[in-house]
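Undergrad: Data: entry_25.pdb, PDB, C-alpha atoms.
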ATOM      1  CA  MET A   1     -10.837  -1.078 -17.464
ATOM      2  CA  SER A   2     -13.829  -1.390 -15.223
ATOM      3  CA  ASP A   3     -17.262  -1.349 -16.830
ATOM      4  CA  HIS A   4     -18.447   1.235 -14.332
ATOM      5  CA  LEU A   5     -15.989   3.952 -15.300
ATOM      6  CA  ASP A   6     -16.594   6.411 -18.064
ATOM      7  CA  PRO A   7     -13.520   7.750 -19.895
ATOM      8  CA  ILE A   8     -13.230  10.847 -17.689
ATOM      9  CA  ASP A   9     -13.447   8.793 -14.490
ATOM     10  CA  PHE A  10     -10.822   6.454 -15.888
ATOM     11  CA  ARG A  11      -8.487   9.354 -16.623
ATOM     12  CA  LEU A  12      -9.019  10.767 -13.137
ATOM     13  CA  LEU A  13      -8.065   7.400 -11.662
ATOM     14  CA  ASN A  14      -5.212   6.519 -13.955
ATOM     15  CA  GLU A  15      -3.537   9.829 -14.735
ATOM     16  CA  TRP A  16      -3.750  11.515 -11.347
ATOM     17  CA  GLN A  17      -2.210   8.952  -9.037
ATOM     18  CA  ARG A  18       0.735  11.278  -8.671
ATOM     19  CA  ALA A  19       1.560  14.877  -9.448
ATOM     20  CA  PHE A  20      -1.669  16.025  -7.840
ATOM     21  CA  PRO A  21      -1.219  19.803  -7.992
ATOM     22  CA  LEU A  22       0.251  21.549  -4.957
ATOM     23  CA  VAL A  23      -1.563  24.764  -5.764
ATOM     24  CA  ARG A  24      -4.370  26.728  -4.153
ATOM     25  CA  ARG A  25      -7.070  25.190  -6.354
ATOM     26  CA  PRO A  26      -5.755  21.768  -7.439
ATOM     27  CA  TYR A  27      -9.087  20.482  -8.734
ATOM     28  CA  ALA A  28      -9.355  23.499 -11.008
ATOM     29  CA  GLU A  29      -5.971  22.638 -12.479
ATOM     30  CA  MET A  30      -7.071  19.035 -13.059
ATOM     31  CA  ALA A  31     -10.305  20.327 -14.577
ATOM     32  CA  HIS A  32      -8.371  22.451 -17.024
ATOM     33  CA  ALA A  33      -6.310  19.427 -18.141
ATOM     34  CA  LEU A  34      -9.443  17.299 -18.564
ATOM     35  CA  GLY A  35     -11.528  19.981 -20.217
ATOM     36  CA  ILE A  36     -14.295  19.854 -17.594
ATOM     37  CA  SER A  37     -15.292  22.146 -14.732
ATOM     38  CA  GLU A  38     -13.718  22.231 -11.278
ATOM     39  CA  GLU A  39     -17.095  21.384  -9.789
ATOM     40  CA  SER A  40     -17.359  18.373 -12.050
ATOM     41  CA  VAL A  41     -13.922  17.083 -10.983
ATOM     42  CA  ILE A  42     -14.916  17.355  -7.329
ATOM     43  CA  THR A  43     -18.303  15.724  -7.899
ATOM     44  CA  ARG A  44     -16.754  12.858  -9.841
ATOM     45  CA  LEU A  45     -14.094  12.238  -7.195
ATOM     46  CA  ARG A  46     -16.716  12.277  -4.445
ATOM     47  CA  ASP A  47     -18.770   9.821  -6.422
ATOM     48  CA  LEU A  48     -15.792   7.518  -7.110
ATOM     49  CA  LYS A  49     -15.025   7.574  -3.409
ATOM     50  CA  ALA A  50     -18.639   6.827  -2.471
ATOM     51  CA  ARG A  51     -18.653   3.881  -4.910
ATOM     52  CA  GLY A  52     -15.425   2.562  -3.412
ATOM     53  CA  HIS A  53     -13.330   2.939  -6.556
ATOM     54  CA  VAL A  54     -11.147   5.535  -4.892
ATOM     55  CA  SER A  55      -9.772   4.976  -1.389
ATOM     56  CA  ARG A  56      -8.778   8.597  -0.956
ATOM     57  CA  VAL A  57      -7.259  11.585  -2.684
ATOM     58  CA  GLY A  58      -4.098  12.691  -0.979
ATOM     59  CA  ALA A  59      -0.555  11.863  -0.006
ATOM     60  CA  VAL A  60       0.995   8.410   0.093
ATOM     61  CA  PHE A  61       3.557   8.501   2.886
ATOM     62  CA  ARG A  62       6.622   6.357   3.188
ATOM     63  CA  PRO A  63       6.264   3.631   5.823
ATOM     64  CA  HIS A  64       7.017   4.369   9.474
ATOM     65  CA  VAL A  65       6.832   8.135   9.127
ATOM     66  CA  LEU A  66       4.799   8.532  12.296
ATOM     67  CA  GLY A  67       5.348   5.354  14.249
ATOM     68  CA  TRP A  68       5.859   1.668  13.743
ATOM     69  CA  SER A  69       4.044  -1.172  12.072
ATOM     70  CA  THR A  70       4.475  -4.797  11.251
ATOM     71  CA  LEU A  71       2.951  -7.451   9.053
ATOM     72  CA  ALA A  72       1.827 -10.354  11.209
ATOM     73  CA  ALA A  73       0.280 -13.740  10.514
ATOM     74  CA  VAL A  74      -1.296 -16.523  12.507
ATOM     75  CA  ALA A  75      -2.119 -20.100  11.578
ATOM     76  CA  ALA A  76      -5.695 -20.393  12.799
ATOM     77  CA  PRO A  77      -7.241 -23.864  12.883
ATOM     78  CA  PRO A  78     -10.061 -23.738  10.298
ATOM     79  CA  GLU A  79     -12.779 -24.388  12.884
ATOM     80  CA  ARG A  80     -11.556 -21.432  14.973
ATOM     81  CA  MET A  81     -10.956 -19.064  12.069
ATOM     82  CA  ASP A  82     -13.890 -16.749  12.750
ATOM     83  CA  ALA A  83     -13.261 -16.488  16.485
ATOM     84  CA  VAL A  84      -9.563 -15.743  15.942
ATOM     85  CA  ALA A  85     -10.379 -13.188  13.248
ATOM     86  CA  ARG A  86     -12.779 -11.448  15.644
ATOM     87  CA  VAL A  87     -10.020 -11.059  18.264
ATOM     88  CA  ILE A  88      -7.675  -9.577  15.669
ATOM     89  CA  ASP A  89     -10.297  -7.280  14.109
ATOM     90  CA  ALA A  90     -11.254  -5.961  17.545
ATOM     91  CA  CYS A  91      -7.790  -4.409  17.984
ATOM     92  CA  PRO A  92      -7.928  -0.756  16.918
ATOM     93  CA  GLU A  93      -4.228  -0.966  15.980
ATOM     94  CA  VAL A  94      -5.063  -3.515  13.247
ATOM     95  CA  ASN A  95      -5.930  -1.703  10.034
ATOM     96  CA  HIS A  96      -5.814  -4.578   7.562
ATOM     97  CA  ASN A  97      -6.740  -8.205   8.072
ATOM     98  CA  TYR A  98      -6.864 -10.587   5.129
ATOM     99  CA  GLU A  99      -7.708 -14.246   5.025
ATOM    100  CA  ARG A 100      -5.198 -15.993   2.753
ATOM    101  CA  GLU A 101      -5.038 -19.520   1.457
ATOM    102  CA  HIS A 102      -2.097 -20.940   3.405
ATOM    103  CA  ARG A 103      -1.360 -22.639   6.716
ATOM    104  CA  TYR A 104      -0.754 -19.073   7.925
ATOM    105  CA  ASN A 105      -4.246 -18.023   7.004
ATOM    106  CA  LEU A 106      -4.772 -14.655   8.704
ATOM    107  CA  TRP A 107      -2.476 -11.794   7.677
ATOM    108  CA  PHE A 108      -2.793  -8.445   9.357
ATOM    109  CA  VAL A 109      -0.978  -5.156   9.737
ATOM    110  CA  VAL A 110      -0.491  -3.685  13.212
ATOM    111  CA  THR A 111       0.239   0.032  13.347
ATOM    112  CA  ALA A 112       0.990   2.035  16.500
ATOM    113  CA  SER A 113       3.097   4.930  17.619
ATOM    114  CA  SER A 114       6.017   2.785  18.813
ATOM    115  CA  ALA A 115       7.572  -0.651  18.293
ATOM    116  CA  GLY A 116       6.765  -1.427  21.933
ATOM    117  CA  GLN A 117       3.076  -0.789  21.408
ATOM    118  CA  VAL A 118       3.068  -2.973  18.291
ATOM    119  CA  ALA A 119       4.692  -5.771  20.335
ATOM    120  CA  ASP A 120       2.019  -5.337  23.034
ATOM    121  CA  VAL A 121      -0.748  -5.850  20.464
ATOM    122  CA  LEU A 122       0.886  -9.071  19.223
ATOM    123  CA  THR A 123       1.208 -10.286  22.830
ATOM    124  CA  HIS A 124      -2.457  -9.494  23.434
ATOM    125  CA  ILE A 125      -3.488 -11.466  20.341
ATOM    126  CA  GLN A 126      -1.322 -14.399  21.416
ATOM    127  CA  ARG A 127      -2.875 -14.424  24.902
ATOM    128  CA  GLN A 128      -6.414 -14.196  23.578
ATOM    129  CA  THR A 129      -6.026 -16.844  20.878
ATOM    130  CA  GLY A 130      -3.202 -19.095  22.062
ATOM    131  CA  LEU A 131      -1.582 -18.583  18.647
ATOM    132  CA  LYS A 132       1.844 -17.009  18.314
ATOM    133  CA  PRO A 133       1.844 -14.493  15.486
ATOM    134  CA  LEU A 134       4.697 -14.347  13.017
ATOM    135  CA  ASP A 135       6.140 -10.838  13.342
ATOM    136  CA  LEU A 136       7.495  -9.717   9.954
ATOM    137  CA  PRO A 137       8.425  -6.026  10.067
ATOM    138  CA  MET A 138       9.695  -4.352   6.940
ATOM    139  CA  LEU A 139      13.503  -4.329   6.726
ATOM    140  CA  ALA A 140      13.840  -2.658   3.325
ATOM    141  CA  ASP A 141      11.408  -1.212   0.826
ATOM    142  CA  TYR A 142      12.255  -1.892  -2.812
ATOM    143  CA  HIS A 143       9.239  -0.452  -4.581
ATOM    144  CA  ILE A 144       9.490   2.912  -6.268
ATOM    145  CA  ASP A 145       5.879   3.947  -5.922
ATOM    146  CA  LEU A 146       4.665   5.666  -9.069
ATOM    147  CA  GLY A 147       1.083   4.511  -8.785
ATOM    148  CA  PHE A 148      -0.544   1.539 -10.468
ATOM    149  CA  ASP A 149      -1.387   1.557 -14.171
ATOM    150  CA  LEU A 150      -5.018   0.543 -14.661
ATOM    151  CA  GLY A 151      -4.780   0.396 -18.463
ATOM    152  CA  GLU A 152      -4.558  -3.279 -19.344
ATOM    153  CA  GLY A 153      -1.987  -4.414 -21.851
ATOM    154  CA  HIS A 154      -0.085  -1.153 -21.848
ATOM    155  CA  ILE A 155       2.350  -0.080 -19.179
ATOM    156  CA  GLY A 156       0.816  -2.456 -16.677
ATOM    157  CA  GLN A 157       1.797  -5.518 -18.653
ATOM    158  CA  PRO A 158       4.943  -5.731 -20.791
ATOM    159  CA  PRO A 159       4.667  -7.771 -24.002
ATOM    160  CA  PRO A 160       5.685 -11.431 -23.544
ATOM    161  CA  ASP A 161       8.891 -10.990 -25.493
ATOM    162  CA  ALA A 162       9.989  -7.903 -23.580
ATOM    163  CA  PRO A 163      13.203  -8.407 -21.630
ATOM    164  CA  VAL A 164      12.476  -8.739 -17.924
ATOM    165  CA  ARG A 165      14.460  -5.964 -16.335
TER     166      ARG A 165
ATOM    167  CA  MET B   1      19.007   3.439  -6.911
ATOM    168  CA  SER B   2      19.651   2.124  -3.421
ATOM    169  CA  ALA B   3      17.205   0.361  -1.137
ATOM    170  CA  ARG B   4      15.241   2.673   1.053
ATOM    171  CA  ASP B   5      15.800   1.064   4.400
ATOM    172  CA  ALA B   6      13.290   1.303   7.201
ATOM    173  CA  LEU B   7      15.732   3.379   9.222
ATOM    174  CA  PRO B   8      16.871   6.070   9.779
ATOM    175  CA  GLU B   9      13.708   8.044  10.130
ATOM    176  CA  PRO B  10      13.606  11.339   8.267
ATOM    177  CA  ALA B  11      13.569  14.400  10.477
ATOM    178  CA  LEU B  12      10.051  15.750  10.854
ATOM    179  CA  ASP B  13       9.271  18.721  13.011
ATOM    180  CA  GLU B  14       6.035  19.265  14.889
ATOM    181  CA  ILE B  15       4.376  21.123  12.010
ATOM    182  CA  ASP B  16       5.224  18.335   9.557
ATOM    183  CA  ARG B  17       3.852  15.730  11.943
ATOM    184  CA  ARG B  18       0.597  17.617  12.343
ATOM    185  CA  ILE B  19       0.261  17.955   8.576
ATOM    186  CA  VAL B  20       0.874  14.214   8.129
ATOM    187  CA  GLN B  21      -1.736  13.410  10.768
ATOM    188  CA  ALA B  22      -4.260  15.802   9.282
ATOM    189  CA  THR B  23      -3.852  14.524   5.714
ATOM    190  CA  GLN B  24      -3.199  10.783   6.042
ATOM    191  CA  ALA B  25      -6.877   9.954   5.552
ATOM    192  CA  GLY B  26      -6.942  12.154   2.443
ATOM    193  CA  LEU B  27      -7.332  15.754   1.365
ATOM    194  CA  PRO B  28     -10.786  17.337   1.475
ATOM    195  CA  LEU B  29     -12.750  17.254  -1.769
ATOM    196  CA  THR B  30     -13.421  20.966  -1.648
ATOM    197  CA  PRO B  31     -12.131  23.672  -3.993
ATOM    198  CA  ARG B  32      -9.317  24.783  -1.668
ATOM    199  CA  PRO B  33      -8.210  21.602   0.125
ATOM    200  CA  TYR B  34      -4.904  22.968   1.421
ATOM    201  CA  HIS B  35      -6.710  25.959   2.890
ATOM    202  CA  ALA B  36      -9.114  23.593   4.660
ATOM    203  CA  VAL B  37      -6.213  21.627   6.179
ATOM    204  CA  ALA B  38      -4.419  24.849   7.122
ATOM    205  CA  GLU B  39      -7.478  26.242   8.815
ATOM    206  CA  ARG B  40      -7.855  23.126  10.952
ATOM    207  CA  LEU B  41      -4.215  23.373  12.026
ATOM    208  CA  GLY B  42      -4.025  27.123  12.491
ATOM    209  CA  LEU B  43      -1.467  27.474   9.680
ATOM    210  CA  THR B  44      -1.471  29.233   6.334
ATOM    211  CA  ALA B  45      -2.250  27.320   3.143
ATOM    212  CA  GLU B  46       1.084  28.498   1.737
ATOM    213  CA  LEU B  47       2.938  26.870   4.626
ATOM    214  CA  VAL B  48       0.986  23.613   4.268
ATOM    215  CA  MET B  49       1.778  23.495   0.545
ATOM    216  CA  ALA B  50       5.444  24.362   1.113
ATOM    217  CA  ARG B  51       5.841  21.695   3.789
ATOM    218  CA  MET B  52       4.126  19.076   1.643
ATOM    219  CA  ALA B  53       6.361  20.018  -1.291
ATOM    220  CA  ALA B  54       9.421  19.629   0.955
ATOM    221  CA  MET B  55       8.214  16.227   2.200
ATOM    222  CA  LEU B  56       7.637  15.166  -1.397
ATOM    223  CA  GLU B  57      11.183  16.247  -2.173
ATOM    224  CA  ASN B  58      12.793  14.361   0.750
ATOM    225  CA  GLY B  59      10.748  11.202   0.251
ATOM    226  CA  VAL B  60       8.507  11.376   3.319
ATOM    227  CA  ILE B  61       5.657  11.760   0.843
ATOM    228  CA  ARG B  62       6.019   9.387  -2.111
ATOM    229  CA  ARG B  63       3.300  10.877  -4.205
ATOM    230  CA  ILE B  64       0.148  12.925  -3.919
ATOM    231  CA  GLY B  65      -2.806  11.852  -5.977
ATOM    232  CA  VAL B  66      -5.872   9.729  -6.426
ATOM    233  CA  VAL B  67      -5.444   6.403  -4.605
ATOM    234  CA  PRO B  68      -7.516   3.759  -6.393
ATOM    235  CA  ASN B  69      -9.012   0.744  -4.675
ATOM    236  CA  HIS B  70      -7.651  -2.123  -6.772
ATOM    237  CA  TYR B  71     -10.205  -4.608  -5.543
ATOM    238  CA  ALA B  72     -13.230  -2.462  -6.397
ATOM    239  CA  LEU B  73     -11.769  -1.886  -9.861
ATOM    240  CA  GLY B  74     -11.751  -5.580 -10.667
ATOM    241  CA  TYR B  75      -8.234  -6.527  -9.572
ATOM    242  CA  THR B  76      -9.640  -9.246  -7.361
ATOM    243  CA  ALA B  77      -6.700 -11.673  -7.627
ATOM    244  CA  ASN B  78      -4.556 -10.258  -4.846
ATOM    245  CA  GLY B  79      -1.472 -12.431  -4.614
ATOM    246  CA  MET B  80       1.166 -12.032  -1.955
ATOM    247  CA  THR B  81       4.191 -13.661  -3.547
ATOM    248  CA  VAL B  82       6.940 -14.673  -1.133
ATOM    249  CA  TRP B  83      10.494 -15.723  -1.979
ATOM    250  CA  ASP B  84      13.507 -17.159  -0.194
ATOM    251  CA  VAL B  85      16.312 -15.200  -1.805
ATOM    252  CA  ALA B  86      20.027 -15.461  -1.036
ATOM    253  CA  ASP B  87      20.933 -12.735   1.466
ATOM    254  CA  ASP B  88      23.839 -11.410  -0.581
ATOM    255  CA  ARG B  89      21.600 -10.827  -3.605
ATOM    256  CA  VAL B  90      18.298  -9.806  -2.062
ATOM    257  CA  ASP B  91      18.861  -6.027  -2.244
ATOM    258  CA  GLU B  92      19.828  -6.056  -5.913
ATOM    259  CA  LEU B  93      17.056  -8.482  -6.897
ATOM    260  CA  GLY B  94      14.470  -6.846  -4.624
ATOM    261  CA  GLU B  95      14.997  -3.570  -6.434
ATOM    262  CA  ALA B  96      14.541  -5.304  -9.786
ATOM    263  CA  VAL B  97      11.303  -6.930  -8.599
ATOM    264  CA  GLY B  98      10.142  -3.606  -7.163
ATOM    265  CA  ARG B  99      10.464  -2.052 -10.631
ATOM    266  CA  LEU B 100       8.086  -4.539 -12.275
ATOM    267  CA  PRO B 101       4.944  -2.636 -13.295
ATOM    268  CA  PHE B 102       2.514  -5.148 -11.802
ATOM    269  CA  VAL B 103       4.160  -5.148  -8.354
ATOM    270  CA  SER B 104       2.502  -2.718  -5.944
ATOM    271  CA  HIS B 105       4.599  -3.395  -2.829
ATOM    272  CA  CYS B 106       7.991  -5.065  -2.501
ATOM    273  CA  TYR B 107       9.664  -5.486   0.858
ATOM    274  CA  ARG B 108      12.424  -7.430   2.539
ATOM    275  CA  ARG B 109      11.268  -8.932   5.828
ATOM    276  CA  PRO B 110      12.947 -11.266   8.322
ATOM    277  CA  ARG B 111      12.759 -15.031   7.938
ATOM    278  CA  ARG B 112      11.354 -16.859  10.977
ATOM    279  CA  LEU B 113      12.958 -20.280  10.681
ATOM    280  CA  PRO B 114      11.852 -22.981  10.698
ATOM    281  CA  LEU B 115       8.295 -21.665  10.405
ATOM    282  CA  TRP B 116       8.767 -19.054   7.717
ATOM    283  CA  PRO B 117      11.651 -19.258   5.216
ATOM    284  CA  TYR B 118      10.785 -16.271   2.984
ATOM    285  CA  ASN B 119      12.596 -12.932   3.076
ATOM    286  CA  LEU B 120      11.239 -11.127  -0.006
ATOM    287  CA  PHE B 121       7.570 -10.130  -0.414
ATOM    288  CA  ALA B 122       6.039  -8.760  -3.618
ATOM    289  CA  MET B 123       2.335  -7.963  -3.899
ATOM    290  CA  VAL B 124       0.775  -8.502  -7.323
ATOM    291  CA  HIS B 125      -2.691  -7.369  -8.349
ATOM    292  CA  ALA B 126      -4.403  -9.057 -11.277
ATOM    293  CA  LYS B 127      -7.884  -9.640 -12.610
ATOM    294  CA  SER B 128      -7.515 -13.422 -12.500
ATOM    295  CA  ARG B 129      -5.365 -16.002 -10.764
ATOM    296  CA  GLU B 130      -4.010 -17.081 -14.140
ATOM    297  CA  GLN B 131      -2.719 -13.563 -14.688
ATOM    298  CA  ALA B 132      -1.311 -13.374 -11.148
ATOM    299  CA  GLN B 133       0.476 -16.678 -11.728
ATOM    300  CA  ALA B 134       1.915 -15.346 -14.991
ATOM    301  CA  TYR B 135       3.258 -12.345 -13.068
ATOM    302  CA  ALA B 136       4.760 -14.657 -10.437
ATOM    303  CA  ASP B 137       6.411 -16.632 -13.247
ATOM    304  CA  GLN B 138       8.091 -13.436 -14.437
ATOM    305  CA  ILE B 139       9.457 -12.885 -10.931
ATOM    306  CA  THR B 140      10.679 -16.501 -10.847
ATOM    307  CA  ALA B 141      12.569 -15.923 -14.103
ATOM    308  CA  LEU B 142      14.079 -12.711 -12.790
ATOM    309  CA  LEU B 143      15.271 -14.244  -9.512
ATOM    310  CA  GLY B 144      16.788 -17.307 -11.189
ATOM    311  CA  ASP B 145      18.930 -19.524  -9.004
ATOM    312  CA  ALA B 146      19.184 -16.910  -6.228
ATOM    313  CA  CYS B 147      15.723 -18.080  -5.145
ATOM    314  CA  ARG B 148      15.496 -21.382  -3.295
ATOM    315  CA  LYS B 149      11.775 -21.560  -2.591
ATOM    316  CA  SER B 150       8.659 -19.514  -3.202
ATOM    317  CA  ASP B 151       4.925 -19.427  -2.667
ATOM    318  CA  ILE B 152       1.926 -17.310  -3.594
ATOM    319  CA  LEU B 153      -0.770 -16.557  -1.028
ATOM    320  CA  TYR B 154      -4.078 -15.429  -2.466
ATOM    321  CA  SER B 155      -6.485 -13.475  -0.345
ATOM    322  CA  SER B 156      -9.848 -15.178  -0.026
ATOM    323  CA  ARG B 157     -11.510 -12.587   2.226
ATOM    324  CA  ILE B 158     -10.877  -9.047   3.349
ATOM    325  CA  LEU B 159     -11.826  -9.170   7.018
ATOM    326  CA  LYS B 160     -10.850  -5.646   7.937
ATOM    327  CA  LYS B 161      -9.597  -2.683   5.991
ATOM    328  CA  THR B 162      -9.871   0.665   7.676
ATOM    329  CA  GLY B 163      -8.626   4.083   6.769
ATOM    330  CA  LEU B 164      -4.927   4.504   7.114
ATOM    331  CA  ARG B 165      -3.852   5.990  10.348
ATOM    332  CA  ILE B 166      -0.234   6.073  11.380
ATOM    333  CA  GLY B 167       1.216   3.606   8.922
ATOM    334  CA  GLU B 168       0.771   3.147   5.230
ATOM    335  CA  GLY B 169       0.066   0.223   2.971
ATOM    336  CA  HIS B 170       1.567  -3.052   4.169
ATOM    337  CA  PRO B 171       4.813  -1.923   5.763
TER     338      PRO B 171
END
Could you write out this structure as structure tokens?

TA:
Amino acid sequence: MSDHLDPIDFRLLNEWQRAFPLVRRPYAEMAHALGISEESVITRLRDLKARGHVSRVGAVFRPHVLGWSTLAAVAAPPERMDAVARVIDACPEVNHNYEREHRYNLWFVVTASSAGQVADVLTHIQRQTGLKPLDLPMLADYHIDLGFDLGEGHIGQPPPDAPVR
Amino acid sequence: MSARDALPEPALDEIDRRIVQATQAGLPLTPRPYHAVAERLGLTAELVMARMAAMLENGVIRRIGVVPNHYALGYTANGMTVWDVADDRVDELGEAVGRLPFVSHCYRRPRRLPLWPYNLFAMVHAKSREQAQAYADQITALLGDACRKSDILYSSRILKKTGLRIGEGHP
């Protein structure tokens, strides 16, 4: 558990990753469960968001609900890494770009309203950088998304002798 | 449970699409968030809630809740584990990997031979590389001899991470 979270913040983060109430005053319902005020729930969530601990409060949609996306990677020569990254970051259709330790060292997600537009972005990046991106669209999604347990050594980490299922 | 393939797309009508667009960056942190969304869209809060409940039911929405930022919470060892798994076993094994509690995303993707031999991707988040490696070792044990080759790619820098727009996560 992070040092910066008090127990109520931790519960907000860990216990409310799903089943956020679909009622007129959801924060009031959370407040009731936590034994604090509605205003306090809202203030804490705003604060967690401002500190970067919370990305957002809301729905997690299944992939490709409103368009198309792909995971792409390029192998940038180390001396050109920053210039190549700038080309990729400048594309508004790129919403994640991570440097990773591998020959394919820049990994980014391209999201647009159609597969054709996604392909156009990859072509643009290839023309601007001379590097052909790997295009690795999702073919199947195997993760049943229940949220991510932040409590160490409990659900997030089975004991060493637990059968791997 | 069967693999949720990328296609076919679920049927969304215009109202659903507008609700998805209006809420994909998050719900307002105000006492009546569904009313705020409804007001922006010219709908009633009851309709917004009913449509979101229906999308939750049919899988368009996976969950509604607080979305933590793993990195800011100390999970700084972000390992993209990649595996070359026999095609006739990848669905069954992918589902097993996807159920592991430390895996946050698990997808099948195309190989791009000879450059890229891996067809199964599982993202693990840990507080140290040692822990991430221990998680990868559990996946290795689970895949057994169906896996020919694997690698783990750690992120060394986040160059860009913007609010989600049309897509979600790392699809």

Undergrad: How close does chain B get to chain A? List, as a tab-separated table, each residue of chain B within 6 Å, its nearest atom pair and the distance in Å to one decimal, counting only C-alpha atoms.

TA:
residue	atom	partner	partner_atom	distance
B:Ala3	CA	A:Tyr142	CA	5.7
B:Arg4	CA	A:Asp141	CA	5.5
B:Asp5	CA	A:Ala140	CA	4.3
B:Ala6	CA	A:Ala140	CA	5.6
B:Gly26	CA	A:Gly58	CA	4.5
B:Leu27	CA	A:Gly58	CA	5.0
B:Leu29	CA	A:Ile42	CA	6.0
B:Pro31	CA	A:Arg25	CA	5.8
B:Arg32	CA	A:Arg25	CA	5.2
B:Val60	CA	A:Arg62	CA	5.4
B:Ile61	CA	A:Phe61	CA	4.4
B:Arg62	CA	A:Val60	CA	5.6
B:Arg63	CA	A:Arg18	CA	5.2
B:Ile64	CA	A:Ala59	CA	4.1
B:Gly65	CA	A:Gln17	CA	4.3
B:Val66	CA	A:Val57	CA	4.4
B:Val67	CA	A:Arg56	CA	5.4
B:Pro68	CA	A:Val54	CA	4.3
B:Asn69	CA	A:His53	CA	5.2
B:Ala72	CA	A:His53	CA	5.4
B:Leu73	CA	A:Ser2	CA	5.8
B:Gly94	CA	A:Tyr142	CA	5.7
B:Glu95	CA	A:Tyr142	CA	4.8
B:Gly98	CA	A:His143	CA	4.2
B:Pro101	CA	A:Gly156	CA	5.3
B:Phe102	CA	A:Gly156	CA	5.8
B:His105	CA	A:His143	CA	5.8
B:Cys106	CA	A:His143	CA	5.2
B:Tyr107	CA	A:Asp141	CA	4.6
B:Arg108	CA	A:Ala140	CA	5.0
B:Arg109	CA	A:Met138	CA	5.0
B:Pro110	CA	A:Leu136	CA	5.9
B:Leu153	CA	A:Glu101	CA	5.8
B:Tyr154	CA	A:Arg100	CA	5.4
B:Ser155	CA	A:Arg100	CA	4.2
B:Ser156	CA	A:Arg100	CA	5.5
B:Arg157	CA	A:Glu99	CA	5.0
B:Ile158	CA	A:Tyr98	CA	4.7
B:Leu159	CA	A:Asn97	CA	5.3
B:Lys160	CA	A:Asn97	CA	4.8
B:Lys161	CA	A:His96	CA	4.5
B:Thr162	CA	A:Asn95	CA	5.2
B:Ile166	CA	A:Leu66	CA	5.7
B:Gly167	CA	A:Thr111	CA	5.8
B:Glu168	CA	A:Pro63	CA	5.5
B:Pro171	CA	A:Met138	CA	5.6

Undergrad: Please write the residues picked by the PyMOL selection byres ((chain B and resi 93) around 10) on this file as a list in words.

TA: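 For this structure, the PyMOL selection byres ((chain B and resi 93) around 10) captures Tyr142 of chain A; Val85, Ala86, Asp88, Arg89, Val90, Asp91, Glu92, Gly94, Glu95, Ala96, Val97, Gly98, Arg99, Leu120, Ile139, Leu142, Leu143, Gly144, Ala146 and Cys147 of chain B.
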
Undergrad: For Glu130 (chain B), please output as a list in words all residues within 12 Å (counting all atoms listed in the file; exclusion window: fewer than 4 positions along the same chain).

TA: Thr76, Ala77, Asn78, Gly79, Val124, His125, Ala126, Ala134, Tyr135, Ala136, Asp137 and Tyr154 of chain B

Undergrad: Set the distance at 9 Å and use only C-alpha atoms: which residues neighbour Val87 (chain A) once local chain neighbours fewer than 4 positions away are removed? I'd like the list as a compact mmCIF listing (two decimals) with C-alpha atoms, in the coordinates of the input.

TA:
# COMPACT_ATOMS: atom_id res chain seq x y z
CA ASP A 82 -13.89 -16.75 12.75
CA ALA A 83 -13.26 -16.49 16.48
CA CYS A 91 -7.79 -4.41 17.98
CA ILE A 125 -3.49 -11.47 20.34
CA GLN A 128 -6.41 -14.20 23.58
CA THR A 129 -6.03 -16.84 20.88

Undergrad: Quick one: distance from CA of Trp83 (chain B) to CA of Ala132 (chain B) in Å, one decimal?

TA: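 Atom-to-atom, CA of Trp83 (chain B) to CA of Ala132 (chain B), that is 15.1 Å.
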
Undergrad: Please measure the separation of CA of Leu100 (chain B) and CA of Phe121 (chain B), giving the value in Å to one decimal.

TA: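 CA of Phe121 (chain B) lies at a distance of 13.1 Å from CA of Leu100 (chain B).
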
Undergrad: Measure the distance from CA of Arg51 (chain B) to CA of His35 (chain B) in Å and round it to one decimal.

TA: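 CA of His35 (chain B) lies at a distance of 13.3 Å from CA of Arg51 (chain B).
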
Undergrad: I need the residue nearest Arg129 (chain B) from this list: B:Gly59, B:Tyr75, B:Asp151, B:Ala22. Use all atoms listed in the file for the distance.

TA: B:Tyr75

Undergrad: So which residues touch Val48 (chain B) within 9 Å, counting only C-alpha atoms, skipping near sequence neighbours fewer than 2 positions away, as a list in words?

TA: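 Neighbouring residues, sequence-local ones excluded: Ile15, Asp16, Ile19, Tyr34, His35, Val37, Ala38, Leu43, Thr44, Ala45, Glu46, Ala50, Arg51, Met52 and Ala53 of chain B.
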
Undergrad: Padding 3 Å on each side, edges along x, y and z: where is the centre of the box around the listed atoms of region 72-85 of chain A, and how long are its edges in Å to one decimal? Output it as JSON.

TA:
{"center_x": -6.0, "center_y": -17.4, "center_z": 13.4, "size_x": 21.7, "size_y": 20.0, "size_z": 12.2}

Undergrad: Which one is closest to Tyr71 (chain B): B:Lys127, B:Arg112, B:Arg40, B:Arg18? Count all atoms listed in the file.

TA: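 So, comparing all the options, the nearest one is B:Lys127.
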